[in-house]
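Trainee: So I've got this file, upload.csv, and it contains CSV, C-alpha atoms (C1' of nucleotides):
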chain,number,residue,atom,x,y,z
A,1,MET,CA,80.9,91.8,116.4
A,2,ASP,CA,83.8,92.6,118.6
A,3,THR,CA,82.4,91.1,121.7
A,4,CYS,CA,84.4,90.5,124.9
A,5,LYS,CA,84.5,86.8,124.6
A,6,HIS,CA,88.2,86.6,124.1
A,7,HIS,CA,89.0,88.9,126.9
A,8,ARG,CA,91.5,87.4,129.4
A,9,SER,CA,91.6,84.1,127.5
A,10,GLU,CA,95.0,82.7,126.7
A,11,PRO,CA,96.4,83.7,123.3
A,12,ALA,CA,96.4,80.9,120.7
A,13,PRO,CA,99.7,79.1,120.3
A,14,ARG,CA,102.1,80.6,117.8
A,15,LYS,CA,101.9,77.7,115.4
A,16,GLU,CA,98.1,78.1,115.2
A,17,ARG,CA,98.2,81.8,114.7
A,18,LEU,CA,100.7,81.4,111.9
A,19,SER,CA,98.7,78.9,110.0
A,20,GLN,CA,95.6,81.1,110.6
A,21,ALA,CA,97.4,84.0,109.1
A,22,LEU,CA,98.6,82.0,106.1
A,23,GLU,CA,95.0,80.9,105.6
A,24,VAL,CA,93.8,84.5,105.4
A,25,LEU,CA,96.5,85.3,102.8
A,26,LYS,CA,95.5,82.3,100.7
A,27,ALA,CA,91.8,83.2,101.0
A,28,ARG,CA,92.6,86.7,99.7
A,29,GLY,CA,94.7,85.3,96.8
A,30,LEU,CA,97.8,86.8,98.3
A,31,ARG,CA,101.0,84.8,97.5
A,32,ILE,CA,103.2,83.4,100.3
A,33,THR,CA,106.7,84.6,99.6
A,34,ARG,CA,109.9,84.6,101.5
A,35,PRO,CA,109.6,88.3,102.5
A,36,ARG,CA,106.1,87.8,103.7
A,37,ARG,CA,106.9,84.7,105.7
A,38,ALA,CA,109.7,86.7,107.3
A,39,LEU,CA,107.5,89.6,108.1
A,40,LEU,CA,104.8,87.3,109.5
A,41,ASP,CA,107.4,85.7,111.8
A,42,ALA,CA,108.6,89.1,113.0
A,43,LEU,CA,105.1,90.1,113.7
A,44,LEU,CA,104.3,86.9,115.6
A,45,ASP,CA,107.4,87.2,117.7
A,46,SER,CA,106.9,90.8,118.6
A,47,PRO,CA,105.2,91.2,122.0
A,48,THR,CA,104.5,94.9,121.2
A,49,PRO,CA,103.7,97.0,118.1
A,50,ARG,CA,106.7,97.8,116.0
A,51,SER,CA,107.5,100.4,113.4
A,52,ALA,CA,108.3,99.3,109.8
A,53,GLU,CA,111.9,100.1,110.4
A,54,GLU,CA,112.0,97.9,113.5
A,55,LEU,CA,110.3,95.1,111.8
A,56,ARG,CA,112.9,95.2,109.0
A,57,GLU,CA,115.6,95.1,111.7
A,58,ASP,CA,113.9,92.1,113.3
A,59,ILE,CA,114.0,90.3,110.0
A,60,GLY,CA,117.6,91.3,109.4
A,61,GLU,CA,119.5,89.9,106.4
A,62,GLY,CA,119.3,93.2,104.4
A,63,GLU,CA,115.6,93.0,103.9
A,64,ASP,CA,114.1,95.7,101.8
A,65,LEU,CA,112.2,98.4,103.7
A,66,VAL,CA,109.9,99.1,100.8
A,67,THR,CA,108.8,95.5,100.6
A,68,VAL,CA,108.1,95.6,104.4
A,69,TYR,CA,105.9,98.7,103.8
A,70,ARG,CA,104.1,97.1,100.9
A,71,ASN,CA,103.4,93.9,102.7
A,72,LEU,CA,102.2,95.7,105.8
A,73,ASP,CA,99.8,97.5,103.6
A,74,ALA,CA,98.7,94.2,102.0
A,75,PHE,CA,98.3,92.6,105.4
A,76,GLU,CA,96.4,95.6,106.7
A,77,ARG,CA,94.0,95.4,103.8
A,78,ALA,CA,93.6,91.7,104.5
A,79,GLY,CA,92.7,92.6,108.0
A,80,LEU,CA,95.7,90.8,109.4
A,81,VAL,CA,97.5,93.8,110.7
A,82,LEU,CA,96.4,96.9,112.6
A,83,ARG,CA,98.2,100.2,112.6
A,84,ALA,CA,98.6,102.8,115.4
A,85,HIS,CA,100.6,106.0,115.6
A,86,ALA,CA,103.3,107.0,118.0
A,87,GLU,CA,103.3,110.7,119.1
A,88,ASN,CA,106.1,111.3,116.7
A,89,GLY,CA,103.9,110.4,113.8
A,90,LYS,CA,105.5,107.0,113.1
A,91,ALA,CA,103.2,104.1,112.3
A,92,LEU,CA,103.3,101.1,114.6
A,93,PHE,CA,102.0,97.7,113.4
A,94,HIS,CA,100.8,94.6,115.1
A,95,LEU,CA,98.8,91.5,114.3
A,96,SER,CA,95.1,92.0,114.6
A,97,SER,CA,94.9,88.6,116.2
A,98,ASP,CA,96.7,90.2,119.2
A,99,HIS,CA,93.9,92.8,119.3
A,100,ARG,CA,91.6,91.6,122.0
A,101,HIS,CA,90.4,94.9,123.4
A,102,TYR,CA,93.8,96.0,124.7
A,103,HIS,CA,95.2,99.4,124.2
A,104,LEU,CA,98.6,101.0,123.8
A,105,VAL,CA,100.7,103.1,126.0
A,106,ILE,CA,103.4,104.8,124.0
A,107,CYS,CA,106.3,106.4,125.8
A,108,ARG,CA,106.9,110.1,124.9
A,109,VAL,CA,110.6,109.7,125.3
A,110,CYS,CA,111.6,106.4,123.7
A,111,HIS,CA,108.4,105.8,121.7
A,112,GLU,CA,108.2,102.2,122.8
A,113,ALA,CA,104.7,100.9,122.8
A,114,LYS,CA,103.3,98.6,125.5
A,115,ILE,CA,100.0,96.9,125.7
A,116,ILE,CA,97.4,97.4,128.3
A,117,GLU,CA,94.7,94.8,128.3
A,118,ASP,CA,91.3,96.2,128.5
A,119,CYS,CA,87.8,96.0,127.3
A,120,ASP,CA,85.7,99.1,126.7
A,121,GLY,CA,86.1,100.3,123.1
A,122,ASP,CA,82.8,98.9,121.9
A,123,ARG,CA,81.0,101.7,123.6
A,124,PHE,CA,83.0,104.4,121.7
A,125,GLU,CA,82.5,102.6,118.4
A,126,ARG,CA,78.8,102.7,119.0
A,127,LEU,CA,78.9,106.4,119.7
A,128,ALA,CA,80.7,106.9,116.3
A,129,ARG,CA,78.2,104.8,114.5
A,130,ASP,CA,75.4,106.8,116.0
A,131,GLN,CA,77.0,109.8,114.3
A,132,GLY,CA,76.7,108.3,110.9
A,133,TYR,CA,80.1,106.7,110.6
A,134,SER,CA,80.5,103.2,109.1
A,135,ASP,CA,83.3,100.7,109.3
A,136,VAL,CA,84.2,102.1,112.7
A,137,THR,CA,87.3,100.9,114.6
A,138,HIS,CA,89.0,102.4,117.6
A,139,THR,CA,92.5,103.0,118.8
A,140,LEU,CA,93.0,104.3,122.3
A,141,GLU,CA,96.4,105.7,122.5
A,142,LEU,CA,97.8,106.6,125.9
A,143,HIS,CA,100.9,108.7,126.0
A,144,GLY,CA,103.2,109.0,128.9
A,145,VAL,CA,106.7,108.6,130.1
A,146,CYS,CA,107.7,105.0,130.9
A,147,ALA,CA,109.4,104.1,134.1
A,148,LYS,CA,112.7,103.5,132.4
A,149,CYS,CA,112.8,107.0,130.8
A,150,GLY,CA,111.3,108.6,133.8
A,151,ASP,CA,114.2,107.4,135.9
A,152,LYS,CA,116.7,108.7,133.4
A,153,ARG,CA,115.2,112.2,133.5
A,154,VAL,CA,115.0,112.3,137.3
B,8,MET,CA,93.4,116.3,137.9
B,9,ASP,CA,91.3,115.9,134.9
B,10,THR,CA,88.0,115.4,136.7
B,11,CYS,CA,84.7,115.4,135.0
B,12,LYS,CA,83.5,118.7,136.4
B,13,HIS,CA,83.4,120.4,133.0
B,14,HIS,CA,81.6,117.7,131.2
B,15,ARG,CA,78.5,118.9,129.4
B,16,SER,CA,79.0,122.4,130.8
B,17,GLU,CA,78.8,125.2,128.2
B,18,PRO,CA,82.2,126.2,126.7
B,19,ALA,CA,83.6,129.5,127.9
B,20,PRO,CA,82.8,132.4,125.5
B,21,ARG,CA,85.4,133.0,122.8
B,22,LYS,CA,86.6,136.3,124.3
B,23,GLU,CA,87.3,134.7,127.6
B,24,ARG,CA,89.1,131.8,126.1
B,25,LEU,CA,91.3,134.1,124.1
B,26,SER,CA,92.4,136.2,127.0
B,27,GLN,CA,93.0,133.1,129.0
B,28,ALA,CA,95.3,131.8,126.2
B,29,LEU,CA,97.1,135.1,126.0
B,30,GLU,CA,97.5,135.0,129.8
B,31,VAL,CA,99.2,131.6,129.5
B,32,LEU,CA,101.6,132.9,126.8
B,33,LYS,CA,102.6,135.9,128.9
B,34,ALA,CA,103.0,133.7,132.0
B,35,ARG,CA,105.5,131.5,130.0
B,36,GLY,CA,107.4,134.6,128.7
B,37,LEU,CA,106.2,133.9,125.2
B,38,ARG,CA,105.7,137.0,123.1
B,39,ILE,CA,102.4,137.9,121.5
B,40,THR,CA,103.1,138.4,117.8
B,41,ARG,CA,100.9,138.9,114.8
B,42,PRO,CA,101.4,135.3,113.6
B,43,ARG,CA,100.6,133.9,117.0
B,44,ARG,CA,97.5,136.0,117.3
B,45,ALA,CA,96.4,134.8,113.9
B,46,LEU,CA,97.1,131.2,114.8
B,47,LEU,CA,95.2,131.5,118.1
B,48,ASP,CA,92.3,133.0,116.3
B,49,ALA,CA,92.2,130.1,113.8
B,50,LEU,CA,92.4,127.6,116.6
B,51,LEU,CA,89.6,129.4,118.5
B,52,ASP,CA,87.4,129.5,115.4
B,53,SER,CA,87.9,125.8,114.5
B,54,PRO,CA,85.2,123.5,115.8
B,55,THR,CA,87.4,120.5,115.1
B,56,PRO,CA,91.1,119.6,115.2
B,57,ARG,CA,93.0,120.9,112.2
B,58,SER,CA,96.3,120.1,110.5
B,59,ALA,CA,99.1,122.6,110.3
B,60,GLU,CA,98.4,123.1,106.7
B,61,GLU,CA,94.7,123.7,107.3
B,62,LEU,CA,95.4,126.2,110.0
B,63,ARG,CA,97.7,128.1,107.6
B,64,GLU,CA,94.9,128.2,105.1
B,65,ASP,CA,92.5,129.4,107.7
B,66,ILE,CA,94.8,132.2,108.5
B,67,GLY,CA,95.3,133.0,104.8
B,68,GLU,CA,97.3,136.0,103.7
B,69,GLY,CA,100.4,133.9,102.7
B,70,GLU,CA,101.2,133.0,106.3
B,71,ASP,CA,104.4,130.9,106.7
B,72,LEU,CA,103.8,127.2,107.3
B,73,VAL,CA,107.1,126.9,109.2
B,74,THR,CA,106.0,129.6,111.6
B,75,VAL,CA,102.7,127.8,112.1
B,76,TYR,CA,104.6,124.6,113.1
B,77,ARG,CA,107.0,126.4,115.4
B,78,ASN,CA,104.1,128.2,117.1
B,79,LEU,CA,102.1,125.0,117.4
B,80,ASP,CA,105.1,123.5,119.1
B,81,ALA,CA,105.4,126.4,121.4
B,82,PHE,CA,101.7,126.3,122.2
B,83,GLU,CA,101.9,122.6,122.9
B,84,ARG,CA,104.9,123.0,125.2
B,85,ALA,CA,102.9,125.7,127.0
B,86,GLY,CA,100.0,123.3,127.4
B,87,LEU,CA,97.7,125.4,125.2
B,88,VAL,CA,97.4,122.9,122.4
B,89,LEU,CA,97.0,119.2,122.1
B,90,ARG,CA,98.0,117.0,119.1
B,91,ALA,CA,96.3,113.9,117.7
B,92,HIS,CA,97.1,111.9,114.6
B,93,ALA,CA,95.0,111.1,111.6
B,94,GLU,CA,95.2,107.6,110.2
B,95,ASN,CA,97.4,109.0,107.4
B,96,GLY,CA,100.0,110.1,110.0
B,97,LYS,CA,99.3,113.8,109.8
B,98,ALA,CA,99.2,115.7,113.1
B,99,LEU,CA,96.0,117.4,114.1
B,100,PHE,CA,95.9,120.3,116.6
B,101,HIS,CA,93.3,121.8,118.8
B,102,LEU,CA,93.2,124.0,121.9
B,103,SER,CA,93.5,122.0,125.1
B,104,SER,CA,90.7,124.2,126.5
B,105,ASP,CA,88.5,122.4,124.1
B,106,HIS,CA,89.6,119.1,125.6
B,107,ARG,CA,86.9,118.2,128.0
B,108,HIS,CA,86.9,114.4,127.7
B,109,TYR,CA,85.8,114.2,124.2
B,110,HIS,CA,87.3,112.0,121.5
B,111,LEU,CA,87.9,112.2,117.8
B,112,VAL,CA,86.4,110.2,115.0
B,113,ILE,CA,88.6,110.6,112.0
B,114,CYS,CA,87.2,109.7,108.5
B,115,ARG,CA,89.3,107.1,106.7
B,116,VAL,CA,88.4,108.7,103.3
B,117,CYS,CA,88.5,112.4,103.7
B,118,HIS,CA,90.5,112.5,107.0
B,119,GLU,CA,88.2,115.1,108.5
B,120,ALA,CA,88.1,114.9,112.3
B,121,LYS,CA,85.0,115.2,114.3
B,122,ILE,CA,84.5,115.4,118.0
B,123,ILE,CA,82.5,113.0,120.1
B,124,GLU,CA,81.8,114.2,123.6
B,125,ASP,CA,82.5,111.7,126.2
B,126,CYS,CA,84.0,111.1,129.6
B,127,ASP,CA,85.9,107.9,130.3
B,128,GLY,CA,89.6,108.4,129.7
B,129,ASP,CA,90.5,108.8,133.3
B,130,ARG,CA,90.2,105.1,133.9
B,131,PHE,CA,92.6,104.3,131.1
B,132,GLU,CA,95.1,106.9,132.3
B,133,ARG,CA,95.0,105.3,135.7
B,134,LEU,CA,95.7,101.9,134.1
B,135,ALA,CA,98.8,103.3,132.5
B,136,ARG,CA,100.0,104.9,135.7
B,137,ASP,CA,99.6,101.6,137.4
B,138,GLN,CA,102.1,100.2,134.9
B,139,GLY,CA,104.7,102.8,135.9
B,140,TYR,CA,104.0,105.5,133.4
B,141,SER,CA,104.1,109.1,134.4
B,142,ASP,CA,102.7,112.2,132.7
B,143,VAL,CA,100.0,110.2,131.2
B,144,THR,CA,97.5,111.6,128.7
B,145,HIS,CA,95.1,109.8,126.4
B,146,THR,CA,93.9,110.1,122.9
B,147,LEU,CA,91.1,107.9,121.8
B,148,GLU,CA,91.0,107.8,118.0
B,149,LEU,CA,88.0,106.3,116.3
B,150,HIS,CA,88.4,105.7,112.6
B,151,GLY,CA,85.5,105.1,110.3
B,152,VAL,CA,83.9,106.3,107.1
B,153,CYS,CA,81.8,109.4,107.6
B,154,ALA,CA,78.3,109.6,106.2
B,155,LYS,CA,79.4,112.0,103.4
B,156,CYS,CA,82.2,109.7,102.1
B,157,GLY,CA,80.1,106.5,102.7
B,158,ASP,CA,77.4,107.9,100.3
B,159,LYS,CA,80.0,108.7,97.7
B,160,ARG,CA,81.4,105.1,97.7
B,161,VAL,CA,77.9,103.6,97.7
C,10,DT,C1',118.3,147.4,123.0
C,11,DT,C1',118.3,142.6,122.7
C,12,DG,C1',116.8,138.2,122.5
C,13,DA,C1',112.6,136.0,120.9
C,14,DG,C1',110.3,135.3,116.8
C,15,DT,C1',109.9,135.3,111.7
C,16,DG,C1',110.5,134.0,106.9
C,17,DC,C1',113.0,131.8,103.4
C,18,DA,C1',115.6,128.0,101.7
C,19,DA,C1',117.2,123.7,102.5
C,20,DA,C1',117.4,119.3,104.8
C,21,DG,C1',115.5,115.2,107.3
C,22,DC,C1',112.4,111.4,107.8
C,23,DT,C1',108.9,108.3,107.0
C,24,DT,C1',106.3,106.5,103.5
C,25,DT,C1',104.9,106.0,98.5
C,26,DT,C1',105.5,105.3,93.5
C,27,DG,C1',107.7,103.5,89.1
C,28,DC,C1',109.7,99.9,86.7
C,29,DA,C1',112.5,96.1,85.2
C,30,DG,C1',113.5,91.7,86.8
C,31,DT,C1',112.0,87.6,89.6
C,32,DT,C1',109.0,84.3,91.6
C,33,DT,C1',104.7,82.0,92.9
C,34,DC,C1',100.7,79.6,91.5
D,5,DG,C1',102.9,81.4,81.3
D,6,DA,C1',100.6,85.2,83.5
D,7,DA,C1',100.0,87.9,87.3
D,8,DA,C1',101.8,88.9,91.6
D,9,DC,C1',105.7,90.3,94.2
D,10,DT,C1',110.4,92.1,94.8
D,11,DG,C1',114.3,95.3,94.9
D,12,DC,C1',116.4,99.3,93.6
D,13,DA,C1',116.2,104.2,92.7
D,14,DA,C1',113.8,108.1,92.9
D,15,DA,C1',109.9,111.0,94.5
D,16,DA,C1',106.5,112.6,97.6
D,17,DG,C1',104.7,114.2,101.7
D,18,DC,C1',105.0,116.2,106.4
D,19,DT,C1',107.9,118.3,109.6
D,20,DT,C1',112.4,120.2,111.3
D,21,DT,C1',116.7,123.0,111.1
D,22,DG,C1',119.8,126.9,109.9
D,23,DC,C1',120.5,131.6,109.4
D,24,DA,C1',120.0,136.4,108.6
D,25,DC,C1',116.5,139.8,109.5
D,26,DT,C1',112.7,141.9,112.2
D,27,DC,C1',110.1,143.1,116.0
D,28,DA,C1',107.9,142.8,120.8
D,29,DA,C1',109.0,144.0,125.4
Kindly present the structure from the file in structure tokens form.

Mentor:
Amino acid sequence: MDTCKHHRSEPAPRKERLSQALEVLKARGLRITRPRRALLDALLDSPTPRSAEELREDIGEGEDLVTVYRNLDAFERAGLVLRAHAENGKALFHLSSDHRHYHLVICRVCHEAKIIEDCDGDRFERLARDQGYSDVTHTLELHGVCAKCGDKRV
Amino acid sequence: MDTCKHHRSEPAPRKERLSQALEVLKARGLRITRPRRALLDALLDSPTPRSAEELREDIGEGEDLVTVYRNLDAFERAGLVLRAHAENGKALFHLSSDHRHYHLVICRVCHEAKIIEDCDGDRFERLARDQGYSDVTHTLELHGVCAKCGDKRV
DNA sequence: TTGAGTGCAAAGCTTTTGCAGTTTC
DNA sequence: GAAACTGCAAAAGCTTTGCACTCAA
């Protein structure tokens, strides 16, 4: 699993990714509700990982934060969403269909996350499996100060 | 910076690492107090990264958790301590002198962290710098289910 | 001596849980 | 119609802040 075949290939069109996601939900017996559609839209439209709070803002319209959390959990269990952590401890979410061996750089100052395409984690996962771990996934988190914040600090 | 020269070399003896740490504290004008000595001891004795709560337990003797947090912050600012995050969002701390290009595998079930020695992060850090980030560090977090917990689940 | 550090209480945030009411299948 | 999902309120963590007291330098 988790080969490099998708590396550098074009991302699937939004429409296709959406129906793929809906497919997964149906297959899991998860219902397709208005809040879930909205969350899915927000995730599809977000170029970078977002916190639960940010996703709720993206959705707008007084959406309930608790529901966002519960649906992110559901999506994560369904394998649709992956979760990373900013240095401030907050969880960041993004669609797993976006996860083609890239990694995150998270700014220490503004905590915005950016994606760096890459392809190397397999090796680390193998190392962990060699140590007796199962179900291994990896998250490489790079922390730094982004250009924008670096300029402000001078 | 951050070359591979220490990779696979033996760790410095505990005594030396302690006096080195105390040196750094003095150099920063940080005072050496009983709680700080105790925390340093706990960190030196811990083979894997620990949460603030765990460190307080290690110290025992009704040590104050707030003080542990404040001193971990101080140590982090002094560059003595590094912080990672378990999948449950909790912060894990370890001495930066332990950080010789290894990475963590964190169990999804018991959240215990284990170290996997390795040497590859430099490349990722360079990638981030190429994107305009400064002060870049990396944390590769591997998540899986450890052998112990895997057995229990069957 | 004096300012850094401590310890207690209280607050702050993100995330989770409970439950009655609503909606999807 | 039944089970899943939502929305509100309330609770549960982890971590931070405020403040008077103590202690290292």

Trainee: Enumerate, in order of chain and increasing residue number, the residues of chain A with an atom no farther than 12 Å from chain C, each with its shortest atom pair and distance in Å to one decimal, counting all atoms listed in the file, as a tab-separated table.

Mentor:
residue	atom	partner	partner_atom	distance
A:Lys26	CA	C:DC34	C1'	10.9
A:Gly29	CA	C:DC34	C1'	9.8
A:Leu30	CA	C:DT33	C1'	10.0
A:Arg31	CA	C:DT33	C1'	6.5
A:Ile32	CA	C:DT33	C1'	7.7
A:Thr33	CA	C:DT33	C1'	7.5
A:Arg34	CA	C:DT32	C1'	9.9
A:Pro35	CA	C:DT32	C1'	11.6
A:Ser51	CA	C:DT23	C1'	10.3
A:Ala52	CA	C:DT23	C1'	9.4
A:Glu53	CA	C:DT23	C1'	9.4
A:Leu65	CA	C:DT24	C1'	10.0
A:Val66	CA	C:DT24	C1'	8.7
A:Thr67	CA	C:DT25	C1'	11.4
A:Val68	CA	C:DT24	C1'	11.1
A:Tyr69	CA	C:DT24	C1'	7.8
A:Arg70	CA	C:DT25	C1'	9.3
A:Leu72	CA	C:DT24	C1'	11.8
A:Asp73	CA	C:DT24	C1'	11.1
A:Asn88	CA	C:DT23	C1'	10.5
A:Gly89	CA	C:DT23	C1'	8.7
A:Lys90	CA	C:DT23	C1'	7.1
A:Ala91	CA	C:DT23	C1'	8.8
A:Leu92	CA	C:DT23	C1'	11.9

Trainee: Selection from above, C-alpha atoms, as a PDB file, in the coordinates of the input, can you write it?

Mentor:
ATOM      1  CA  LYS A  26      95.500  82.300 100.700  1.00  0.00           C
ATOM      2  CA  GLY A  29      94.700  85.300  96.800  1.00  0.00           C
ATOM      3  CA  LEU A  30      97.800  86.800  98.300  1.00  0.00           C
ATOM      4  CA  ARG A  31     101.000  84.800  97.500  1.00  0.00           C
ATOM      5  CA  ILE A  32     103.200  83.400 100.300  1.00  0.00           C
ATOM      6  CA  THR A  33     106.700  84.600  99.600  1.00  0.00           C
ATOM      7  CA  ARG A  34     109.900  84.600 101.500  1.00  0.00           C
ATOM      8  CA  PRO A  35     109.600  88.300 102.500  1.00  0.00           C
ATOM      9  CA  SER A  51     107.500 100.400 113.400  1.00  0.00           C
ATOM     10  CA  ALA A  52     108.300  99.300 109.800  1.00  0.00           C
ATOM     11  CA  GLU A  53     111.900 100.100 110.400  1.00  0.00           C
ATOM     12  CA  LEU A  65     112.200  98.400 103.700  1.00  0.00           C
ATOM     13  CA  VAL A  66     109.900  99.100 100.800  1.00  0.00           C
ATOM     14  CA  THR A  67     108.800  95.500 100.600  1.00  0.00           C
ATOM     15  CA  VAL A  68     108.100  95.600 104.400  1.00  0.00           C
ATOM     16  CA  TYR A  69     105.900  98.700 103.800  1.00  0.00           C
ATOM     17  CA  ARG A  70     104.100  97.100 100.900  1.00  0.00           C
ATOM     18  CA  LEU A  72     102.200  95.700 105.800  1.00  0.00           C
ATOM     19  CA  ASP A  73      99.800  97.500 103.600  1.00  0.00           C
ATOM     20  CA  ASN A  88     106.100 111.300 116.700  1.00  0.00           C
ATOM     21  CA  GLY A  89     103.900 110.400 113.800  1.00  0.00           C
ATOM     22  CA  LYS A  90     105.500 107.000 113.100  1.00  0.00           C
ATOM     23  CA  ALA A  91     103.200 104.100 112.300  1.00  0.00           C
ATOM     24  CA  LEU A  92     103.300 101.100 114.600  1.00  0.00           C
TER      25      LEU A  92
END

Trainee: Write out as a tab-separated table the residues of chain D that have any atom within 12 Å of an atom of chain B, one row each with the nearest atom pair and its distance in Å to one decimal, counting only C-alpha atoms (C1' of nucleotides), sorted by chain and then rising number.

Mentor:
residue	atom	partner	partner_atom	distance
D:DG17	C1'	B:Lys97	CA	9.7
D:DC18	C1'	B:Lys97	CA	7.1
D:DT19	C1'	B:Tyr76	CA	7.9
D:DT20	C1'	B:Val73	CA	8.8
D:DT21	C1'	B:Val73	CA	10.5
D:DT26	C1'	B:Thr40	CA	11.7
D:DC27	C1'	B:Thr40	CA	8.6
D:DA28	C1'	B:Arg38	CA	6.6
D:DA29	C1'	B:Arg38	CA	8.1

Trainee: What does the structure give for the distance between CA of Cys146 in chain A and CA of Glu76 in chain A, in Å to one decimal?

Mentor: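 Atom-to-atom, CA of Cys146 in chain A and CA of Glu76 in chain A are spaced 28.3 Å apart.
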
Trainee: State, in Å with one decimal place, the distance from CA of Leu95 in chain A to CA of Asp41 in chain A.

Mentor: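 It comes out at 10.7 Å.
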
Trainee: So how many Å separate C1' of DC25 in chain D and CA of Leu87 in chain B, to one decimal?

Mentor: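 CA of Leu87 in chain B lies at a distance of 28.4 Å from C1' of DC25 in chain D.
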